[in-house]
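Raw query-v3.pdb, PDB, C-alpha atoms, pLDDT in the B column:
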MODEL        1
ATOM      1  CA  MET A  20       1.537   4.724-114.422  1.00 51.00           C
ATOM      2  CA  LYS A  21       0.904   7.977-116.265  1.00 51.00           C
ATOM      3  CA  PHE A  22      -1.739   8.902-113.710  1.00 50.00           C
ATOM      4  CA  THR A  23       0.761   8.347-110.840  1.00 54.00           C
ATOM      5  CA  LYS A  24       3.373  10.566-112.561  1.00 53.00           C
ATOM      6  CA  LYS A  25       0.804  13.355-112.946  1.00 54.00           C
ATOM      7  CA  ILE A  26      -0.035  13.223-109.248  1.00 51.00           C
ATOM      8  CA  ALA A  27       3.677  13.334-108.323  1.00 52.00           C
ATOM      9  CA  PHE A  28       4.245  16.331-110.636  1.00 52.00           C
ATOM     10  CA  ALA A  29       1.215  18.182-109.202  1.00 51.00           C
ATOM     11  CA  SER A  30       2.418  17.542-105.627  1.00 52.00           C
ATOM     12  CA  ALA A  31       5.892  18.886-106.456  1.00 50.00           C
ATOM     13  CA  SER A  32       4.382  22.031-108.028  1.00 52.00           C
ATOM     14  CA  LEU A  33       2.207  22.630-104.969  1.00 46.00           C
ATOM     15  CA  ALA A  34       5.210  22.255-102.646  1.00 48.00           C
ATOM     16  CA  LEU A  35       7.141  24.856-104.647  1.00 45.00           C
ATOM     17  CA  THR A  36       4.181  27.234-104.584  1.00 50.00           C
ATOM     18  CA  LEU A  37       3.898  26.965-100.789  1.00 48.00           C
ATOM     19  CA  ALA A  38       7.637  27.420-100.304  1.00 45.00           C
ATOM     20  CA  THR A  39       7.806  30.691-102.285  1.00 48.00           C
ATOM     21  CA  PRO A  40       6.182  33.025 -99.678  1.00 51.00           C
ATOM     22  CA  ALA A  41       8.529  31.765 -96.953  1.00 48.00           C
ATOM     23  CA  ALA A  42      11.547  32.466 -99.178  1.00 48.00           C
ATOM     24  CA  LEU A  43      10.308  35.977 -99.936  1.00 47.00           C
ATOM     25  CA  LEU A  44       9.710  36.659 -96.230  1.00 47.00           C
ATOM     26  CA  THR A  45      13.267  35.580 -95.457  1.00 49.00           C
ATOM     27  CA  GLN A  46      14.540  38.062 -98.046  1.00 52.00           C
ATOM     28  CA  ASN A  47      12.390  40.851 -96.584  1.00 52.00           C
ATOM     29  CA  ALA A  48      13.789  40.164 -93.110  1.00 46.00           C
ATOM     30  CA  ALA A  49      17.313  40.446 -94.472  1.00 48.00           C
ATOM     31  CA  PHE A  50      16.583  43.971 -95.748  1.00 55.00           C
ATOM     32  CA  ALA A  51      15.491  45.303 -92.307  1.00 56.00           C
ATOM     33  CA  LYS A  52      17.800  48.205 -91.381  1.00 66.00           C
ATOM     34  CA  THR A  53      18.525  50.359 -88.353  1.00 72.00           C
ATOM     35  CA  THR A  54      18.402  54.063 -89.155  1.00 82.00           C
ATOM     36  CA  THR A  55      19.508  57.093 -87.144  1.00 84.00           C
ATOM     37  CA  VAL A  56      17.321  60.149 -86.563  1.00 85.00           C
ATOM     38  CA  LYS A  57      18.289  63.515 -85.068  1.00 88.00           C
ATOM     39  CA  GLN A  58      16.121  64.850 -82.240  1.00 88.00           C
ATOM     40  CA  ALA A  59      16.110  68.431 -80.928  1.00 92.00           C
ATOM     41  CA  THR A  60      17.488  68.826 -77.387  1.00 92.00           C
ATOM     42  CA  LYS A  61      17.702  72.616 -77.195  1.00 93.00           C
ATOM     43  CA  VAL A  62      15.921  75.529 -78.909  1.00 93.00           C
ATOM     44  CA  LYS A  63      16.202  79.320 -78.935  1.00 94.00           C
ATOM     45  CA  VAL A  64      13.326  81.790 -79.423  1.00 94.00           C
ATOM     46  CA  THR A  65      13.677  83.720 -82.703  1.00 95.00           C
ATOM     47  CA  LYS A  66      10.691  86.071 -82.375  1.00 93.00           C
ATOM     48  CA  LYS A  67      10.400  89.104 -80.076  1.00 93.00           C
ATOM     49  CA  THR A  68       7.878  87.146 -78.021  1.00 93.00           C
ATOM     50  CA  THR A  69       6.201  83.782 -78.567  1.00 95.00           C
ATOM     51  CA  PRO A  70       3.333  82.200 -76.603  1.00 95.00           C
ATOM     52  CA  PHE A  71       3.597  79.246 -74.255  1.00 95.00           C
ATOM     53  CA  TYR A  72       1.147  76.535 -75.300  1.00 96.00           C
ATOM     54  CA  HIS A  73      -0.717  73.743 -73.488  1.00 95.00           C
ATOM     55  CA  LYS A  74      -0.693  70.179 -74.839  1.00 93.00           C
ATOM     56  CA  ASP A  75      -4.066  70.790 -76.536  1.00 95.00           C
ATOM     57  CA  GLY A  76      -2.644  73.731 -78.513  1.00 94.00           C
ATOM     58  CA  SER A  77      -4.290  76.468 -76.419  1.00 95.00           C
ATOM     59  CA  LYS A  78      -2.201  79.387 -75.130  1.00 95.00           C
ATOM     60  CA  PHE A  79      -1.488  80.247 -71.502  1.00 95.00           C
ATOM     61  CA  THR A  80      -3.576  83.238 -70.325  1.00 94.00           C
ATOM     62  CA  LYS A  81      -3.074  86.132 -67.902  1.00 91.00           C
ATOM     63  CA  LYS A  82      -5.498  84.472 -65.486  1.00 91.00           C
ATOM     64  CA  LYS A  83      -3.577  81.214 -65.742  1.00 89.00           C
ATOM     65  CA  PRO A  84      -0.029  82.059 -66.881  1.00 90.00           C
ATOM     66  CA  TYR A  85       2.951  79.768 -67.213  1.00 89.00           C
ATOM     67  CA  VAL A  86       4.593  79.590 -63.766  1.00 84.00           C
ATOM     68  CA  TYR A  87       8.128  78.468 -63.056  1.00 77.00           C
ATOM     69  CA  GLY A  88       9.861  78.984 -59.685  1.00 68.00           C
ATOM     70  CA  GLY A  89       7.834  82.098 -58.871  1.00 70.00           C
ATOM     71  CA  TRP A  90       8.323  83.590 -62.367  1.00 79.00           C
ATOM     72  CA  LYS A  91       5.079  84.090 -64.332  1.00 86.00           C
ATOM     73  CA  SER A  92       4.521  84.867 -68.003  1.00 92.00           C
ATOM     74  CA  ILE A  93       2.329  83.979 -70.971  1.00 93.00           C
ATOM     75  CA  VAL A  94       5.184  84.427 -73.480  1.00 93.00           C
ATOM     76  CA  ALA A  95       8.835  83.487 -73.999  1.00 91.00           C
ATOM     77  CA  TYR A  96      11.286  86.184 -75.077  1.00 92.00           C
ATOM     78  CA  LYS A  97      13.682  86.425 -78.016  1.00 93.00           C
ATOM     79  CA  ASN A  98      17.055  84.631 -77.685  1.00 92.00           C
ATOM     80  CA  THR A  99      15.948  82.715 -74.577  1.00 89.00           C
ATOM     81  CA  SER A 100      17.141  79.098 -74.737  1.00 90.00           C
ATOM     82  CA  TYR A 101      15.154  76.086 -73.559  1.00 90.00           C
ATOM     83  CA  ASN A 102      16.011  72.421 -73.118  1.00 92.00           C
ATOM     84  CA  VAL A 103      13.680  70.178 -75.093  1.00 92.00           C
ATOM     85  CA  VAL A 104      12.196  67.090 -73.446  1.00 92.00           C
ATOM     86  CA  LYS A 105      10.425  65.805 -76.571  1.00 92.00           C
ATOM     87  CA  THR A 106       9.017  66.830 -79.964  1.00 93.00           C
ATOM     88  CA  VAL A 107       5.265  66.417 -80.525  1.00 93.00           C
ATOM     89  CA  THR A 108       2.620  67.211 -83.111  1.00 95.00           C
ATOM     90  CA  ILE A 109      -0.435  69.231 -82.017  1.00 95.00           C
ATOM     91  CA  LYS A 110      -3.150  69.900 -84.575  1.00 92.00           C
ATOM     92  CA  SER A 111      -0.741  69.095 -87.441  1.00 92.00           C
ATOM     93  CA  ALA A 112       1.909  71.575 -86.197  1.00 94.00           C
ATOM     94  CA  LYS A 113       5.263  70.713 -84.601  1.00 95.00           C
ATOM     95  CA  TYR A 114       5.889  71.742 -80.977  1.00 96.00           C
ATOM     96  CA  TYR A 115       8.731  71.301 -78.503  1.00 95.00           C
ATOM     97  CA  TYR A 116       7.883  70.285 -74.938  1.00 95.00           C
ATOM     98  CA  ILE A 117      10.096  72.281 -72.536  1.00 91.00           C
ATOM     99  CA  GLY A 118       8.741  70.834 -69.284  1.00 88.00           C
ATOM    100  CA  ASN A 119       6.288  72.137 -66.656  1.00 85.00           C
ATOM    101  CA  ASP A 120       3.311  71.538 -68.980  1.00 90.00           C
ATOM    102  CA  ALA A 121       4.560  74.106 -71.514  1.00 94.00           C
ATOM    103  CA  TYR A 122       5.200  73.789 -75.260  1.00 96.00           C
ATOM    104  CA  LEU A 123       6.807  76.129 -77.820  1.00 96.00           C
ATOM    105  CA  LYS A 124       5.818  76.169 -81.481  1.00 95.00           C
ATOM    106  CA  ALA A 125       8.616  74.984 -83.791  1.00 95.00           C
ATOM    107  CA  SER A 126       8.015  77.889 -86.188  1.00 96.00           C
ATOM    108  CA  ASP A 127       8.838  80.387 -83.380  1.00 96.00           C
ATOM    109  CA  VAL A 128      12.202  78.908 -82.439  1.00 96.00           C
ATOM    110  CA  LYS A 129      15.377  77.503 -83.936  1.00 95.00           C
ATOM    111  CA  VAL A 130      17.087  74.266 -82.927  1.00 95.00           C
ATOM    112  CA  THR A 131      20.502  74.896 -81.366  1.00 94.00           C
ATOM    113  CA  ALA A 132      21.357  71.364 -80.226  1.00 93.00           C
ATOM    114  CA  THR A 133      20.388  67.832 -81.258  1.00 92.00           C
ATOM    115  CA  LYS A 134      21.111  64.223 -80.374  1.00 89.00           C
ATOM    116  CA  THR A 135      21.212  61.158 -82.621  1.00 87.00           C
ATOM    117  CA  VAL A 136      18.737  58.387 -81.833  1.00 81.00           C
ATOM    118  CA  LYS A 137      18.654  54.939 -83.411  1.00 79.00           C
ATOM    119  CA  SER A 138      15.368  53.681 -84.823  1.00 69.00           C
ATOM    120  CA  SER A 139      14.856  50.174 -86.177  1.00 62.00           C
ATOM    121  CA  SER A 140      12.390  49.241 -88.940  1.00 56.00           C
ATOM    122  CA  THR A 141      12.230  45.517 -88.213  1.00 51.00           C
ATOM    123  CA  SER A 142       8.565  45.275 -87.167  1.00 48.00           C
ATOM    124  CA  SER A 143       7.283  44.269 -90.617  1.00 46.00           C
ATOM    125  CA  ALA A 144       9.973  41.598 -90.870  1.00 44.00           C
ATOM    126  CA  LYS A 145       8.917  40.210 -87.498  1.00 47.00           C
ATOM    127  CA  LYS A 146       5.280  40.034 -88.594  1.00 48.00           C
ATOM    128  CA  ALA A 147       6.296  38.339 -91.819  1.00 46.00           C
ATOM    129  CA  SER A 148       8.422  35.778 -90.030  1.00 48.00           C
ATOM    130  CA  THR A 149       5.507  35.081 -87.656  1.00 51.00           C
ATOM    131  CA  SER A 150       3.105  34.388 -90.529  1.00 49.00           C
ATOM    132  CA  SER A 151       5.789  32.211 -92.126  1.00 48.00           C
ATOM    133  CA  SER A 152       6.094  30.133 -88.963  1.00 50.00           C
ATOM    134  CA  LYS A 153       2.298  29.798 -88.845  1.00 51.00           C
ATOM    135  CA  THR A 154       2.267  28.452 -92.414  1.00 52.00           C
ATOM    136  CA  THR A 155       5.044  25.988 -91.592  1.00 51.00           C
ATOM    137  CA  SER A 156       3.160  24.912 -88.465  1.00 51.00           C
ATOM    138  CA  LYS A 157      -0.006  24.227 -90.517  1.00 52.00           C
ATOM    139  CA  LYS A 158       1.879  22.172 -93.093  1.00 53.00           C
ATOM    140  CA  THR A 159       3.654  20.161 -90.409  1.00 50.00           C
ATOM    141  CA  SER A 160       0.479  19.475 -88.424  1.00 49.00           C
ATOM    142  CA  SER A 161      -1.319  18.178 -91.531  1.00 50.00           C
ATOM    143  CA  THR A 162       1.595  15.784 -92.205  1.00 49.00           C
ATOM    144  CA  SER A 163       2.142  14.239 -88.751  1.00 48.00           C
ATOM    145  CA  SER A 164       0.586  14.144 -85.275  1.00 48.00           C
ATOM    146  CA  SER A 165       4.012  14.589 -83.623  1.00 49.00           C
ATOM    147  CA  SER A 166       4.139  18.209 -84.868  1.00 49.00           C
ATOM    148  CA  LYS A 167       0.878  18.912 -82.995  1.00 50.00           C
ATOM    149  CA  SER A 168       2.570  17.825 -79.797  1.00 50.00           C
ATOM    150  CA  SER A 169       5.549  20.068 -80.620  1.00 50.00           C
ATOM    151  CA  SER A 170       3.200  22.988 -81.354  1.00 51.00           C
ATOM    152  CA  LYS A 171       1.516  22.549 -77.948  1.00 52.00           C
ATOM    153  CA  LYS A 172       4.888  22.599 -76.216  1.00 51.00           C
ATOM    154  CA  THR A 173       5.845  25.768 -78.106  1.00 50.00           C
ATOM    155  CA  SER A 174       2.575  27.534 -77.230  1.00 49.00           C
ATOM    156  CA  SER A 175       2.952  26.536 -73.583  1.00 49.00           C
ATOM    157  CA  THR A 176       6.512  27.928 -73.613  1.00 50.00           C
ATOM    158  CA  SER A 177       5.245  31.167 -75.208  1.00 50.00           C
ATOM    159  CA  SER A 178       2.508  31.571 -72.596  1.00 48.00           C
ATOM    160  CA  SER A 179       4.974  31.007 -69.757  1.00 49.00           C
ATOM    161  CA  THR A 180       7.335  33.540 -71.382  1.00 51.00           C
ATOM    162  CA  SER A 181       4.549  36.112 -71.752  1.00 50.00           C
ATOM    163  CA  SER A 182       3.404  35.564 -68.154  1.00 48.00           C
ATOM    164  CA  SER A 183       6.971  36.008 -66.922  1.00 50.00           C
ATOM    165  CA  SER A 184       7.229  39.141 -69.093  1.00 51.00           C
ATOM    166  CA  SER A 185       4.020  40.583 -67.615  1.00 49.00           C
ATOM    167  CA  SER A 186       5.330  39.728 -64.160  1.00 48.00           C
ATOM    168  CA  LYS A 187       8.458  41.775 -64.902  1.00 52.00           C
ATOM    169  CA  LYS A 188       6.324  44.718 -66.037  1.00 51.00           C
ATOM    170  CA  THR A 189       4.256  44.570 -62.848  1.00 49.00           C
ATOM    171  CA  SER A 190       7.356  44.567 -60.672  1.00 53.00           C
ATOM    172  CA  SER A 191       9.072  47.367 -62.619  1.00 66.00           C
ATOM    173  CA  LYS A 192       9.760  50.606 -60.733  1.00 78.00           C
ATOM    174  CA  LYS A 193       7.745  53.752 -61.378  1.00 87.00           C
ATOM    175  CA  THR A 194       9.395  56.789 -62.965  1.00 91.00           C
ATOM    176  CA  VAL A 195       9.150  60.085 -61.074  1.00 93.00           C
ATOM    177  CA  THR A 196       7.555  62.847 -63.159  1.00 92.00           C
ATOM    178  CA  GLN A 197       6.891  65.677 -60.670  1.00 93.00           C
ATOM    179  CA  ILE A 198       8.287  66.815 -57.312  1.00 93.00           C
ATOM    180  CA  GLN A 199       7.610  69.522 -54.710  1.00 93.00           C
ATOM    181  CA  VAL A 200      10.165  71.278 -52.496  1.00 93.00           C
ATOM    182  CA  THR A 201       9.666  70.397 -48.817  1.00 94.00           C
ATOM    183  CA  LYS A 202      12.383  72.573 -47.252  1.00 92.00           C
ATOM    184  CA  LYS A 203      12.196  76.365 -46.785  1.00 92.00           C
ATOM    185  CA  THR A 204      14.888  76.694 -49.461  1.00 92.00           C
ATOM    186  CA  THR A 205      17.009  74.097 -51.236  1.00 95.00           C
ATOM    187  CA  PRO A 206      19.964  74.696 -53.606  1.00 95.00           C
ATOM    188  CA  PHE A 207      19.966  74.171 -57.339  1.00 94.00           C
ATOM    189  CA  TYR A 208      22.798  71.799 -58.288  1.00 96.00           C
ATOM    190  CA  HIS A 209      24.944  71.253 -61.380  1.00 95.00           C
ATOM    191  CA  LYS A 210      25.389  67.749 -62.830  1.00 92.00           C
ATOM    192  CA  ASP A 211      28.740  67.431 -61.000  1.00 94.00           C
ATOM    193  CA  GLY A 212      27.031  68.017 -57.629  1.00 93.00           C
ATOM    194  CA  SER A 213      28.235  71.604 -57.167  1.00 94.00           C
ATOM    195  CA  LYS A 214      25.741  74.338 -56.218  1.00 95.00           C
ATOM    196  CA  PHE A 215      24.778  77.353 -58.299  1.00 94.00           C
ATOM    197  CA  THR A 216      26.386  80.541 -56.934  1.00 94.00           C
ATOM    198  CA  LYS A 217      25.416  84.223 -56.742  1.00 90.00           C
ATOM    199  CA  LYS A 218      28.002  84.981 -59.433  1.00 91.00           C
ATOM    200  CA  SER A 219      26.607  82.223 -61.638  1.00 88.00           C
ATOM    201  CA  PRO A 220      22.998  81.660 -60.471  1.00 90.00           C
ATOM    202  CA  TYR A 221      20.352  79.420 -61.978  1.00 89.00           C
ATOM    203  CA  VAL A 222      18.677  81.495 -64.688  1.00 84.00           C
ATOM    204  CA  TYR A 223      15.276  80.787 -66.214  1.00 78.00           C
ATOM    205  CA  GLN A 224      13.596  83.336 -68.501  1.00 66.00           C
ATOM    206  CA  GLY A 225      15.013  86.341 -66.644  1.00 69.00           C
ATOM    207  CA  TRP A 226      14.369  84.856 -63.170  1.00 78.00           C
ATOM    208  CA  LYS A 227      17.595  84.264 -61.219  1.00 85.00           C
ATOM    209  CA  SER A 228      18.182  82.340 -58.011  1.00 90.00           C
ATOM    210  CA  THR A 229      20.569  79.943 -56.293  1.00 92.00           C
ATOM    211  CA  VAL A 230      17.751  78.164 -54.431  1.00 92.00           C
ATOM    212  CA  ALA A 231      14.262  76.720 -54.957  1.00 90.00           C
ATOM    213  CA  TYR A 232      11.521  77.650 -52.483  1.00 91.00           C
ATOM    214  CA  LYS A 233       9.215  75.506 -50.337  1.00 91.00           C
ATOM    215  CA  GLY A 234       5.998  74.412 -52.045  1.00 89.00           C
ATOM    216  CA  THR A 235       7.346  75.010 -55.580  1.00 88.00           C
ATOM    217  CA  LYS A 236       6.591  72.164 -57.988  1.00 89.00           C
ATOM    218  CA  TYR A 237       8.930  70.984 -60.740  1.00 90.00           C
ATOM    219  CA  LYS A 238       8.549  68.571 -63.619  1.00 90.00           C
ATOM    220  CA  VAL A 239      11.211  65.848 -63.592  1.00 93.00           C
ATOM    221  CA  SER A 240      12.980  64.771 -66.799  1.00 90.00           C
ATOM    222  CA  LYS A 241      15.092  62.031 -65.220  1.00 92.00           C
ATOM    223  CA  THR A 242      16.457  60.662 -61.946  1.00 93.00           C
ATOM    224  CA  ILE A 243      20.224  60.302 -61.546  1.00 94.00           C
ATOM    225  CA  THR A 244      22.837  59.548 -58.880  1.00 94.00           C
ATOM    226  CA  ILE A 245      25.580  62.103 -58.175  1.00 94.00           C
ATOM    227  CA  LYS A 246      28.315  61.150 -55.708  1.00 90.00           C
ATOM    228  CA  GLY A 247      26.115  58.466 -54.152  1.00 92.00           C
ATOM    229  CA  SER A 248      23.046  60.708 -53.689  1.00 94.00           C
ATOM    230  CA  LYS A 249      19.814  60.770 -55.689  1.00 94.00           C
ATOM    231  CA  TYR A 250      18.936  63.893 -57.688  1.00 96.00           C
ATOM    232  CA  TYR A 251      16.063  64.913 -59.969  1.00 95.00           C
ATOM    233  CA  TYR A 252      16.826  66.740 -63.223  1.00 95.00           C
ATOM    234  CA  ILE A 253      14.312  69.587 -63.685  1.00 92.00           C
ATOM    235  CA  GLY A 254      15.656  70.926 -66.989  1.00 88.00           C
ATOM    236  CA  ASN A 255      17.848  73.910 -67.930  1.00 84.00           C
ATOM    237  CA  SER A 256      20.968  72.228 -66.496  1.00 90.00           C
ATOM    238  CA  ALA A 257      19.573  72.220 -62.924  1.00 94.00           C
ATOM    239  CA  TYR A 258      19.116  69.366 -60.430  1.00 96.00           C
ATOM    240  CA  LEU A 259      17.356  69.139 -57.051  1.00 95.00           C
ATOM    241  CA  LYS A 260      18.426  66.753 -54.294  1.00 95.00           C
ATOM    242  CA  ALA A 261      15.862  64.005 -53.592  1.00 95.00           C
ATOM    243  CA  SER A 262      16.183  64.489 -49.813  1.00 95.00           C
ATOM    244  CA  ALA A 263      14.937  68.099 -50.145  1.00 95.00           C
ATOM    245  CA  VAL A 264      11.756  67.307 -52.106  1.00 95.00           C
ATOM    246  CA  LYS A 265       8.820  64.907 -52.178  1.00 95.00           C
ATOM    247  CA  VAL A 266       7.477  62.990 -55.159  1.00 94.00           C
ATOM    248  CA  ILE A 267       3.931  64.054 -56.093  1.00 93.00           C
ATOM    249  CA  ALA A 268       3.571  62.303 -59.464  1.00 92.00           C
ATOM    250  CA  SER A 269       5.017  59.244 -61.187  1.00 90.00           C
ATOM    251  CA  LYS A 270       4.269  56.903 -64.076  1.00 90.00           C
TER     252      LYS A 270
ENDMDL
END
Any chance you could give the structure as structure tokens?
Amino acid sequence: MKFTKKIAFASASLALTLATPAALLTQNAAFAKTTTVKQATKVKVTKKTTPFYHKDGSKFTKKKPYVYGGWKSIVAYKNTSYNVVKTVTIKSAKYYYIGNDAYLKASDVKVTATKTVKSSSTSSAKKASTSSSKTTSKKTSSTSSSSKSSSKKTSSTSSSTSSSSSSKKTSSKKTVTQIQVTKKTTPFYHKDGSKFTKKSPYVYQGWKSTVAYKGTKYKVSKTITIKGSKYYYIGNSAYLKASAVKVIASK
């Protein structure tokens, strides 16, 4: 009788020990929070001149300068504003990508506009909950054969879900990243669909124009619809009509 009581006590202790990690994982999941982070959307040059950089950290040169709409330069000038596509780190230094393969060093500019982006820190909780479910699955399978059958059904459901997910990815549309003007000239448009005018032309680093010229290439930040027509946003508050250009790169 005493021996039976000892076995029962040991079994209860073991059950409590196995249950503890699952309880802790549940608590960790409860503490997962969504935080907000500010990202730069516009910067202004603070130095007299500052170099344009490539994505590897090298500077543009006189033989191969930064080219935008016929305007060429190896530097950006003081007080010039640029729209920021993204913030990156190159060789441990912060840079702002301004489009058309060009970057500006964060130490040479000041941020004049930002946007708030939500970021969630739930990945560790997900991993924890996965390992918890694995532990539960092991305990259940060692107790009864019916749980094995259930586990097989679950894994088959997961595989069908993942295959359907990969099917969705395969069928997803590509995002346009670069275009080239096909017409002799085509207007620059505002986000409301109106054209830039001679009184208020499209301005980029001292270069002014109301139109883009044939053969000129532009990096695309996003594709939008304005009054039922497709447009490509090329940065600096300017859009080009899809019917006046051809797509030369996408991802």
Evaluate the PyMOL selection byres ((chain A and resi 71) around 9) here and jot the selected residues down as an MDAnalysis selection string.
chainID A and resid 69:70 72:73 77:79 84:85 92:95 121:124
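With CA of Ile117 (chain A) on one side and CA of Val104 (chain A) on the other, the separation reads 5.7 Å.
The coordinates place CA of Ala112 (chain A) at 24.4 Å from CA of Asn255 (chain A).
Here CA of Val264 (chain A) is placed at a distance of 26.9 Å from CA of Tyr115 (chain A).
Across A:Lys210, A:Val222, A:Lys113, A:Tyr258, the tightest approach to Lys246 (chain A) is made by A:Lys210 when counting all atoms listed in the file.
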